[in-house]
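Heads up, start20.tsv below (TSV, C-alpha atoms):
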chain	number	residue	atom	x	y	z
I	1	MET	CA	-45.19	-29.75	-22.81
I	2	ARG	CA	-46.02	-28.18	-19.43
I	3	GLN	CA	-45.16	-24.73	-20.74
I	4	TYR	CA	-47.49	-25.15	-23.73
I	5	ALA	CA	-50.30	-26.50	-21.51
I	6	LEU	CA	-49.83	-23.53	-19.17
I	7	ALA	CA	-49.94	-21.09	-22.10
I	8	ILE	CA	-53.24	-22.56	-23.30
I	9	GLY	CA	-54.52	-22.94	-19.73
I	10	ASP	CA	-55.22	-26.61	-20.40
I	11	PHE	CA	-54.51	-28.67	-17.27
I	12	ASN	CA	-55.55	-32.04	-18.64
I	13	PRO	CA	-53.71	-34.57	-16.41
I	14	LEU	CA	-52.87	-36.69	-19.48
I	15	TYR	CA	-50.28	-33.99	-20.24
I	16	SER	CA	-48.72	-33.83	-16.76
I	17	ASP	CA	-49.53	-36.85	-14.57
I	18	ARG	CA	-47.67	-40.01	-15.57
I	19	GLU	CA	-49.61	-42.31	-13.26
I	20	PHE	CA	-52.90	-40.95	-14.54
I	21	ALA	CA	-51.78	-41.31	-18.17
I	22	GLN	CA	-50.61	-44.89	-17.59
I	23	ALA	CA	-53.84	-45.76	-15.77
I	24	ASN	CA	-55.58	-44.65	-18.99
I	25	GLY	CA	-53.54	-46.85	-21.30
I	26	LEU	CA	-50.75	-44.49	-22.39
I	27	ARG	CA	-47.06	-45.40	-21.98
I	28	ASP	CA	-46.33	-41.98	-20.46
I	29	VAL	CA	-47.80	-38.47	-20.35
I	30	MET	CA	-48.79	-37.27	-23.81
I	31	ALA	CA	-48.08	-33.96	-25.52
I	32	PRO	CA	-51.01	-31.63	-26.13
I	33	PRO	CA	-51.81	-32.68	-29.75
I	34	THR	CA	-51.19	-29.32	-31.40
I	35	LEU	CA	-47.85	-28.71	-29.65
I	36	ILE	CA	-45.60	-30.27	-32.28
I	37	CYS	CA	-47.52	-28.46	-35.03
I	38	ASP	CA	-47.24	-25.08	-33.33
I	39	THR	CA	-43.63	-25.05	-32.17
I	40	TRP	CA	-40.80	-23.53	-34.21
I	41	GLN	CA	-38.24	-25.21	-31.97
I	42	TYR	CA	-36.91	-27.26	-34.88
I	43	VAL	CA	-35.93	-24.17	-36.90
I	44	ASP	CA	-32.22	-23.87	-36.20
I	45	SER	CA	-31.58	-20.21	-37.00
I	46	ASP	CA	-31.25	-16.73	-35.56
I	47	MET	CA	-34.18	-14.28	-35.75
I	48	ASP	CA	-34.58	-10.90	-37.42
I	49	GLU	CA	-35.66	-7.63	-35.79
I	50	ARG	CA	-39.35	-8.54	-36.31
I	51	GLY	CA	-38.77	-11.59	-34.13
I	52	ASP	CA	-39.13	-13.87	-37.15
I	53	LEU	CA	-36.85	-16.90	-37.24
I	54	LEU	CA	-34.65	-16.59	-40.32
I	55	GLY	CA	-35.01	-20.26	-41.19
I	56	ARG	CA	-38.81	-20.18	-41.44
I	57	GLY	CA	-39.28	-20.25	-45.15
I	58	PRO	CA	-39.39	-18.57	-48.50
I	59	ILE	CA	-41.88	-15.68	-48.15
I	60	ARG	CA	-40.45	-13.80	-45.21
I	61	GLU	CA	-40.15	-10.27	-46.58
I	62	LEU	CA	-43.86	-9.61	-45.94
I	63	GLU	CA	-45.80	-9.96	-42.69
I	64	GLY	CA	-47.92	-13.09	-42.97
I	65	LEU	CA	-51.30	-13.47	-41.32
I	66	ARG	CA	-53.04	-16.73	-40.55
I	67	ALA	CA	-56.03	-17.82	-42.60
I	68	GLY	CA	-56.37	-21.19	-40.91
I	69	ASN	CA	-54.99	-24.61	-40.10
I	70	GLU	CA	-55.96	-28.23	-40.68
I	71	TYR	CA	-54.42	-30.77	-38.35
I	72	GLU	CA	-54.53	-34.52	-38.66
I	73	PHE	CA	-53.29	-36.61	-35.75
I	74	PHE	CA	-52.31	-40.26	-36.10
I	75	GLN	CA	-50.73	-41.18	-32.74
I	76	THR	CA	-50.25	-39.77	-29.27
I	77	ILE	CA	-46.86	-38.13	-28.78
I	78	HIS	CA	-44.71	-38.74	-25.69
I	79	PRO	CA	-41.63	-37.11	-24.13
I	80	ASP	CA	-39.27	-39.86	-25.38
I	81	ASP	CA	-40.26	-39.32	-29.03
I	82	VAL	CA	-37.66	-37.76	-31.33
I	83	ILE	CA	-39.59	-35.85	-33.95
I	84	THR	CA	-38.61	-35.00	-37.50
I	85	ALA	CA	-40.60	-32.31	-39.32
I	86	HIS	CA	-40.83	-32.18	-43.13
I	87	TRP	CA	-41.88	-28.79	-44.42
I	88	ALA	CA	-43.15	-28.08	-47.95
I	89	VAL	CA	-44.92	-25.25	-49.76
I	90	LYS	CA	-47.95	-26.93	-51.37
I	91	ASP	CA	-49.58	-23.99	-53.10
I	92	VAL	CA	-49.29	-20.25	-53.71
I	93	TYR	CA	-52.19	-18.30	-55.21
I	94	GLU	CA	-53.51	-14.80	-55.45
I	95	LYS	CA	-57.05	-13.64	-54.69
I	96	THR	CA	-58.45	-10.21	-55.46
I	97	GLY	CA	-61.18	-8.99	-53.15
I	98	ARG	CA	-62.75	-5.79	-51.87
I	99	THR	CA	-59.58	-4.64	-50.12
I	100	GLY	CA	-57.27	-5.46	-52.99
I	101	SER	CA	-55.09	-8.38	-53.77
I	102	LEU	CA	-53.87	-11.04	-51.30
I	103	VAL	CA	-51.31	-13.76	-51.79
I	104	PHE	CA	-52.06	-17.07	-50.07
I	105	GLN	CA	-49.43	-19.64	-49.21
I	106	VAL	CA	-50.31	-23.21	-48.19
I	107	ILE	CA	-47.65	-25.05	-46.22
I	108	GLU	CA	-47.82	-28.72	-45.32
I	109	THR	CA	-45.70	-30.00	-42.46
I	110	THR	CA	-45.55	-33.70	-41.63
I	111	PHE	CA	-44.12	-35.04	-38.38
I	112	TYR	CA	-42.53	-38.46	-37.88
I	113	ASN	CA	-41.06	-40.19	-34.82
I	114	GLN	CA	-37.76	-42.08	-34.50
I	115	SER	CA	-39.42	-45.21	-35.93
I	116	GLU	CA	-40.49	-43.21	-39.01
I	117	GLU	CA	-44.15	-43.49	-37.98
I	118	LEU	CA	-46.38	-40.63	-39.09
I	119	LEU	CA	-47.51	-38.65	-36.04
I	120	ALA	CA	-49.29	-35.62	-37.45
I	121	ARG	CA	-49.85	-33.47	-40.51
I	122	ASN	CA	-50.44	-29.72	-40.39
I	123	THR	CA	-51.75	-27.89	-43.46
I	124	GLU	CA	-51.44	-24.19	-42.81
I	125	THR	CA	-52.73	-21.29	-44.91
I	126	MET	CA	-51.14	-17.86	-44.45
I	127	PHE	CA	-51.88	-14.72	-46.44
I	128	TYR	CA	-49.82	-11.69	-47.35
I	129	ARG	CA	-50.55	-8.24	-48.67
I	130	PRO	CA	-48.18	-7.53	-51.52
I	131	GLU	CA	-46.40	-4.17	-51.06
I	132	ALA	CA	-48.14	-1.40	-53.00
V	1	MET	CA	-60.27	-30.09	-16.92
V	2	VAL	CA	-62.02	-33.37	-17.48
V	3	THR	CA	-60.93	-36.71	-16.16
V	4	GLN	CA	-63.98	-38.84	-16.85
V	5	THR	CA	-64.79	-40.93	-19.89
V	6	ARG	CA	-67.65	-40.23	-22.27
V	7	ARG	CA	-69.33	-43.26	-23.84
V	8	PHE	CA	-69.57	-43.24	-27.62
V	9	GLU	CA	-72.96	-44.98	-27.30
V	10	ASP	CA	-74.37	-41.94	-25.45
V	11	ILE	CA	-73.47	-39.39	-28.15
V	12	GLN	CA	-76.08	-38.14	-30.63
V	13	ILE	CA	-76.12	-35.74	-33.56
V	14	GLY	CA	-77.09	-32.31	-32.25
V	15	ASP	CA	-75.41	-32.75	-28.85
V	16	GLU	CA	-73.72	-29.59	-27.65
V	17	ILE	CA	-69.98	-29.61	-26.96
V	18	THR	CA	-69.77	-28.07	-23.47
V	19	PRO	CA	-68.74	-24.43	-24.03
V	20	LEU	CA	-65.26	-23.38	-22.89
V	21	VAL	CA	-64.43	-19.77	-21.94
V	22	LYS	CA	-60.89	-18.46	-22.38
V	23	GLU	CA	-59.89	-15.07	-21.00
V	24	ILE	CA	-57.12	-13.57	-23.12
V	25	GLY	CA	-54.32	-11.85	-21.26
V	26	MET	CA	-50.92	-10.58	-22.31
V	27	ALA	CA	-49.18	-13.06	-19.97
V	28	ARG	CA	-50.89	-16.03	-21.64
V	29	MET	CA	-50.00	-14.67	-25.10
V	30	MET	CA	-46.39	-14.24	-23.97
V	31	ALA	CA	-46.32	-17.75	-22.51
V	32	TYR	CA	-47.63	-19.15	-25.81
V	33	GLY	CA	-44.90	-17.41	-27.80
V	34	ALA	CA	-42.25	-18.74	-25.44
V	35	ALA	CA	-43.69	-22.27	-25.47
V	36	THR	CA	-43.77	-22.40	-29.29
V	37	TRP	CA	-40.50	-20.53	-30.03
V	38	ASP	CA	-42.49	-17.83	-31.79
V	39	PHE	CA	-40.94	-14.43	-31.11
V	40	ILE	CA	-42.92	-12.39	-33.67
V	41	ARG	CA	-43.20	-8.91	-32.09
V	42	LEU	CA	-46.76	-8.42	-33.41
V	43	HIS	CA	-47.88	-10.75	-30.59
V	44	TYR	CA	-46.41	-8.80	-27.64
V	45	ASP	CA	-44.86	-5.44	-28.63
V	46	ALA	CA	-47.66	-2.83	-28.44
V	47	ASP	CA	-45.77	0.04	-30.15
V	48	TYR	CA	-44.58	-2.23	-32.92
V	49	ALA	CA	-48.07	-3.68	-33.48
V	50	ARG	CA	-49.65	-0.18	-33.67
V	51	GLU	CA	-47.01	1.00	-36.13
V	52	ALA	CA	-47.87	-2.01	-38.27
V	53	GLY	CA	-51.54	-0.92	-38.26
V	54	PHE	CA	-53.04	-3.15	-35.55
V	55	GLU	CA	-54.92	-1.76	-32.54
V	56	ALA	CA	-52.82	-3.87	-30.14
V	57	PRO	CA	-50.69	-7.01	-30.10
V	58	PHE	CA	-52.94	-9.83	-31.29
V	59	VAL	CA	-53.25	-13.48	-30.36
V	60	ASP	CA	-51.31	-15.93	-32.52
V	61	GLY	CA	-54.07	-17.57	-34.59
V	62	GLN	CA	-52.63	-21.01	-33.92
V	63	MET	CA	-53.48	-20.57	-30.25
V	64	MET	CA	-57.12	-21.07	-31.29
V	65	GLY	CA	-56.17	-24.66	-32.20
V	66	GLY	CA	-54.93	-25.18	-28.65
V	67	PHE	CA	-58.16	-23.76	-27.23
V	68	LEU	CA	-60.34	-25.90	-29.52
V	69	THR	CA	-58.33	-29.00	-28.65
V	70	GLN	CA	-58.97	-28.37	-24.97
V	71	HIS	CA	-62.64	-27.64	-25.72
V	72	VAL	CA	-63.19	-30.90	-27.58
V	73	GLN	CA	-60.94	-33.08	-25.43
V	74	ASP	CA	-62.53	-31.88	-22.19
V	75	TRP	CA	-65.95	-32.76	-23.57
V	76	ALA	CA	-64.88	-36.08	-25.10
V	77	GLY	CA	-63.04	-37.17	-21.97
V	78	VAL	CA	-60.12	-39.44	-21.31
V	79	GLY	CA	-59.75	-42.26	-23.82
V	80	ALA	CA	-61.02	-40.23	-26.77
V	81	PHE	CA	-58.42	-39.42	-29.44
V	82	LEU	CA	-58.54	-36.20	-31.45
V	83	ARG	CA	-58.07	-37.35	-35.07
V	84	LYS	CA	-58.62	-34.10	-36.96
V	85	LEU	CA	-59.04	-30.42	-36.24
V	86	ALA	CA	-59.47	-27.64	-38.79
V	87	PHE	CA	-60.25	-23.98	-38.27
V	88	ARG	CA	-60.38	-20.65	-40.09
V	89	ASN	CA	-59.33	-17.45	-38.33
V	90	ARG	CA	-61.78	-14.58	-38.97
V	91	VAL	CA	-61.35	-11.75	-36.45
V	92	MET	CA	-58.24	-10.87	-34.44
V	93	ALA	CA	-58.28	-11.53	-30.68
V	94	TYR	CA	-56.64	-9.02	-28.34
V	95	PRO	CA	-55.64	-8.90	-24.66
V	96	GLY	CA	-58.76	-8.36	-22.56
V	97	ASP	CA	-60.98	-10.39	-24.89
V	98	SER	CA	-63.17	-13.14	-23.49
V	99	LEU	CA	-63.47	-15.98	-26.00
V	100	THR	CA	-66.05	-18.76	-25.84
V	101	CYS	CA	-65.58	-22.00	-27.75
V	102	HIS	CA	-68.85	-23.52	-28.98
V	103	GLY	CA	-69.61	-26.75	-30.77
V	104	VAL	CA	-72.26	-29.21	-31.87
V	105	VAL	CA	-72.07	-32.87	-32.92
V	106	THR	CA	-72.75	-33.28	-36.66
V	107	ALA	CA	-71.97	-36.96	-37.33
V	108	VAL	CA	-71.69	-40.19	-35.34
V	109	GLU	CA	-70.48	-43.40	-36.97
V	110	SER	CA	-69.15	-46.78	-35.83
V	111	THR	CA	-66.19	-47.81	-37.97
V	112	TYR	CA	-63.47	-50.46	-37.84
V	113	GLU	CA	-61.21	-47.75	-36.41
V	114	GLY	CA	-63.59	-46.97	-33.53
V	115	GLY	CA	-66.54	-44.72	-32.83
V	116	MET	CA	-66.05	-41.60	-34.94
V	117	VAL	CA	-67.73	-38.34	-33.92
V	118	GLU	CA	-67.57	-35.16	-35.99
V	119	CYS	CA	-68.49	-31.73	-34.71
V	120	ASP	CA	-68.72	-28.16	-35.93
V	121	LEU	CA	-66.91	-25.64	-33.77
V	122	TRP	CA	-66.63	-21.85	-33.55
V	123	ILE	CA	-65.17	-19.26	-31.21
V	124	GLU	CA	-66.95	-16.00	-30.34
V	125	ASN	CA	-65.61	-12.98	-28.52
V	126	GLN	CA	-67.48	-10.88	-25.93
V	127	ARG	CA	-69.03	-8.78	-28.74
V	128	GLY	CA	-70.51	-11.85	-30.40
V	129	GLU	CA	-68.06	-11.70	-33.31
V	130	LYS	CA	-66.87	-15.01	-34.70
V	131	VAL	CA	-63.13	-15.08	-34.08
V	132	VAL	CA	-62.89	-18.60	-35.50
V	133	ASP	CA	-65.43	-19.93	-38.02
V	134	ALA	CA	-65.81	-22.42	-39.56
V	135	ALA	CA	-64.00	-25.09	-37.61
V	136	ASN	CA	-64.55	-28.78	-37.21
V	137	ALA	CA	-63.08	-31.76	-35.43
V	138	MET	CA	-63.19	-35.54	-35.62
V	139	VAL	CA	-62.75	-37.58	-32.45
V	140	ARG	CA	-62.28	-41.33	-32.15
V	141	PHE	CA	-63.91	-43.12	-29.22
V	142	GLN	CA	-63.33	-46.66	-28.06
V	143	LEU	CA	-66.29	-48.90	-28.83
V	144	GLN	CA	-67.75	-50.93	-25.95
V	145	PRO	CA	-67.13	-54.71	-26.31
V	146	GLY	CA	-70.08	-56.51	-27.83
V	147	ASN	CA	-71.10	-53.72	-30.22

I'd like the structure from this file rewritten - as structure tokens, please.
Amino acid sequence: MRQYALAIGDFNPLYSDREFAQANGLRDVMAPPTLICDTWQYVDSDMDERGDLLGRGPIRELEGLRAGNEYEFFQTIHPDDVITAHWAVKDVYEKTGRTGSLVFQVIETTFYNQSEELLARNTETMFYRPEA
Amino acid sequence: MVTQTRRFEDIQIGDEITPLVKEIGMARMMAYGAATWDFIRLHYDADYAREAGFEAPFVDGQMMGGFLTQHVQDWAGVGAFLRKLAFRNRVMAYPGDSLTCHGVVTAVESTYEGGMVECDLWIENQRGEKVVDAANAMVRFQLQPGN
């Protein structure tokens, strides 16, 4: 959590100061909301020479670029939470534009805690240029 | 960094979300990759990125979500809960860029869940290009007793 906050440059004391967090009604410091959506920590695999984790999903032979994300947050997340991520490809479609054809992939990841409460949902759209 | 509380009752449509400036440096990009277990070389290996057709290693687009979260949460203050955040990446960001997060309140509504505020957000670089657009967020505020 501190490493993510440092990377963003976000020194909100809710992420680092337990007394401050508790004085503001939280049971402990909270994770920066997007942390669990952004981390690949749960992918238990080696990586390839591009630095891509091998367990990341079905379209890995092309370099993917990010079109955008939609996050929904349902609860604050704390250091004692054990998080389970469910990962699913929701859609794949092709669009032809000025620069040729692009393949879009929509991935939905849902995150639950140890009590099976929904914490967050991340709908992510990546795009790929098919090899000529 | 913001440690005060903003009152839902004081927020109006058209209010500006206090701008937030983020200077992009290689060290921050590296730290983000390490923090998120993302070791894609396009984000830190200059030779590799150029060979792949990019002018330099570029910022992981998800990092914009972290910046926008800070932007909105700093403005909304302690006690406000970020319910939703959506953004579209438009232009790559590179080391040396200076990014400014902007936003404006578009909807304010009291609901059974709390005081809901929606805002439109965007991120511009130092050349005035929209790096992120369109983006929007929904924040839940606690309602004051008696309302």

Restricting the calculation to only C-alpha atoms: of I:Asn12, I:Asp44, I:Leu65, I:Pro79, which residue gets closest to I:Asp28?
I:Pro79

Distance limit 8 Å, atoms considered: all atoms listed in the file. Which chain V residues sit that close to chain I? Return them as a short mmCIF file (atom, residue, chain, number, x, y, z; two decimals) with C-alpha atoms, keeping the file's coordinate frame.
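Result saved to selection-v2.cif:
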data_model
loop_
_atom_site.label_atom_id
_atom_site.label_comp_id
_atom_site.auth_asym_id
_atom_site.auth_seq_id
_atom_site.Cartn_x
_atom_site.Cartn_y
_atom_site.Cartn_z
CA MET V 1 -60.27 -30.09 -16.92
CA VAL V 2 -62.02 -33.37 -17.48
CA THR V 3 -60.93 -36.71 -16.16
CA ARG V 28 -50.89 -16.03 -21.64
CA MET V 29 -50.00 -14.67 -25.10
CA MET V 30 -46.39 -14.24 -23.97
CA ALA V 31 -46.32 -17.75 -22.51
CA TYR V 32 -47.63 -19.15 -25.81
CA ALA V 35 -43.69 -22.27 -25.47
CA THR V 36 -43.77 -22.40 -29.29
CA TRP V 37 -40.50 -20.53 -30.03
CA ASP V 38 -42.49 -17.83 -31.79
CA PHE V 39 -40.94 -14.43 -31.11
CA ILE V 40 -42.92 -12.39 -33.67
CA ARG V 41 -43.20 -8.91 -32.09
CA LEU V 42 -46.76 -8.42 -33.41
CA GLY V 61 -54.07 -17.57 -34.59
CA GLN V 62 -52.63 -21.01 -33.92
CA MET V 63 -53.48 -20.57 -30.25
CA GLY V 65 -56.17 -24.66 -32.20
CA GLY V 66 -54.93 -25.18 -28.65
CA PHE V 67 -58.16 -23.76 -27.23
CA THR V 69 -58.33 -29.00 -28.65
CA GLN V 70 -58.97 -28.37 -24.97
CA ASP V 74 -62.53 -31.88 -22.19
CA VAL V 78 -60.12 -39.44 -21.31
CA GLY V 79 -59.75 -42.26 -23.82
CA LEU V 82 -58.54 -36.20 -31.45
CA ARG V 83 -58.07 -37.35 -35.07
CA LYS V 84 -58.62 -34.10 -36.96
CA LEU V 85 -59.04 -30.42 -36.24
CA ALA V 86 -59.47 -27.64 -38.79
CA PHE V 87 -60.25 -23.98 -38.27
CA ARG V 88 -60.38 -20.65 -40.09
CA ASN V 89 -59.33 -17.45 -38.33
CA ARG V 90 -61.78 -14.58 -38.97
#

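Nearest residue to V:Lys130 among V:Gly53, V:Leu143, V:Gln12, V:His102 is V:His102, counting all atoms listed in the file.
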
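Comparing V:Ile17, V:Met64, V:Ile24, V:Ala80 by their smallest distance to V:Thr5, the closest is V:Ala80 (using only C-alpha atoms).
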
Rounded to one decimal place, report the atom CA of V:Tyr112-atom CA of V:Asp10 distance in Å.
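Atom-to-atom, atom CA of V:Tyr112 to atom CA of V:Asp10, that is 18.6 Å.
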
Give the answer as one residue: which of V:Trp75, V:Phe8, V:Tyr44, V:Phe81 has the shortest atom-to-atom distance to V:Phe58, using only C-alpha atoms?
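Closest to V:Phe58, using only C-alpha atoms: V:Tyr44.
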
May I ask for the distance between atom CA of V:Ser110 and atom CA of V:Gln73, given in Å to one decimal place?
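Atom-to-atom, atom CA of V:Ser110 and atom CA of V:Gln73 are spaced 19.1 Å apart.
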
Leaving out V:Arg6 and any residue of its chain fewer than 2 positions from it, which residues lie within 7 Å of it when counting all atoms listed in the file, given as a list in words?
Gln4, Phe8, Ala76 and Gly77 of chain V

Write to file, as a PDB file, keeping the file's coordinate frame, the residues of the selection just made, with C-alpha atoms.
ATOM      1  CA  GLN V   4     -63.980 -38.840 -16.850  1.00  0.00           C
ATOM      2  CA  PHE V   8     -69.570 -43.240 -27.620  1.00  0.00           C
ATOM      3  CA  ALA V  76     -64.880 -36.080 -25.100  1.00  0.00           C
ATOM      4  CA  GLY V  77     -63.040 -37.170 -21.970  1.00  0.00           C
TER       5      GLY V  77
END

Let me make sure I understand: among V:Pro95, V:Pro19, V:Pro145, V:Gly115, which one has the smallest atom-to-atom distance to V:Asp45 if we use all atoms listed in the file?
V:Pro95

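Atom CA of V:Phe141 to atom CA of V:Glu9 spans 9.4 Å [interatomic distance, one decimal].
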
Would it be fine to have stretch 91-119 of chain V, with C-alpha atoms, given as a short mmCIF file (atom, residue, chain, number, x, y, z; two decimals), in the first residue's frame?
data_model
loop_
_atom_site.label_atom_id
_atom_site.label_comp_id
_atom_site.auth_asym_id
_atom_site.auth_seq_id
_atom_site.Cartn_x
_atom_site.Cartn_y
_atom_site.Cartn_z
CA VAL V 91 -2.47 10.37 -25.64
CA MET V 92 0.61 8.62 -24.23
CA ALA V 93 2.43 10.26 -21.31
CA TYR V 94 6.23 10.16 -21.19
CA PRO V 95 8.96 10.94 -18.64
CA GLY V 96 9.34 14.71 -18.38
CA ASP V 97 5.65 15.39 -18.97
CA SER V 98 3.74 17.62 -16.59
CA LEU V 99 0.14 16.42 -16.26
CA THR V 100 -2.70 18.44 -14.76
CA CYS V 101 -5.89 16.78 -13.57
CA HIS V 102 -8.99 18.93 -14.04
CA GLY V 103 -12.60 18.42 -13.07
CA VAL V 104 -16.02 19.97 -12.64
CA VAL V 105 -19.08 18.88 -10.66
CA THR V 106 -21.91 17.77 -12.96
CA ALA V 107 -24.53 16.33 -10.57
CA VAL V 108 -25.41 16.59 -6.89
CA GLU V 109 -28.11 14.39 -5.36
CA SER V 110 -29.20 13.31 -1.87
CA THR V 111 -30.01 9.61 -1.84
CA TYR V 112 -30.66 6.94 0.78
CA GLU V 113 -27.03 5.91 0.30
CA GLY V 114 -25.70 9.41 1.06
CA GLY V 115 -24.92 12.60 -0.78
CA MET V 116 -23.87 11.60 -4.29
CA VAL V 117 -21.69 13.94 -6.36
CA GLU V 118 -20.71 13.25 -9.96
CA CYS V 119 -17.96 15.06 -11.80
#
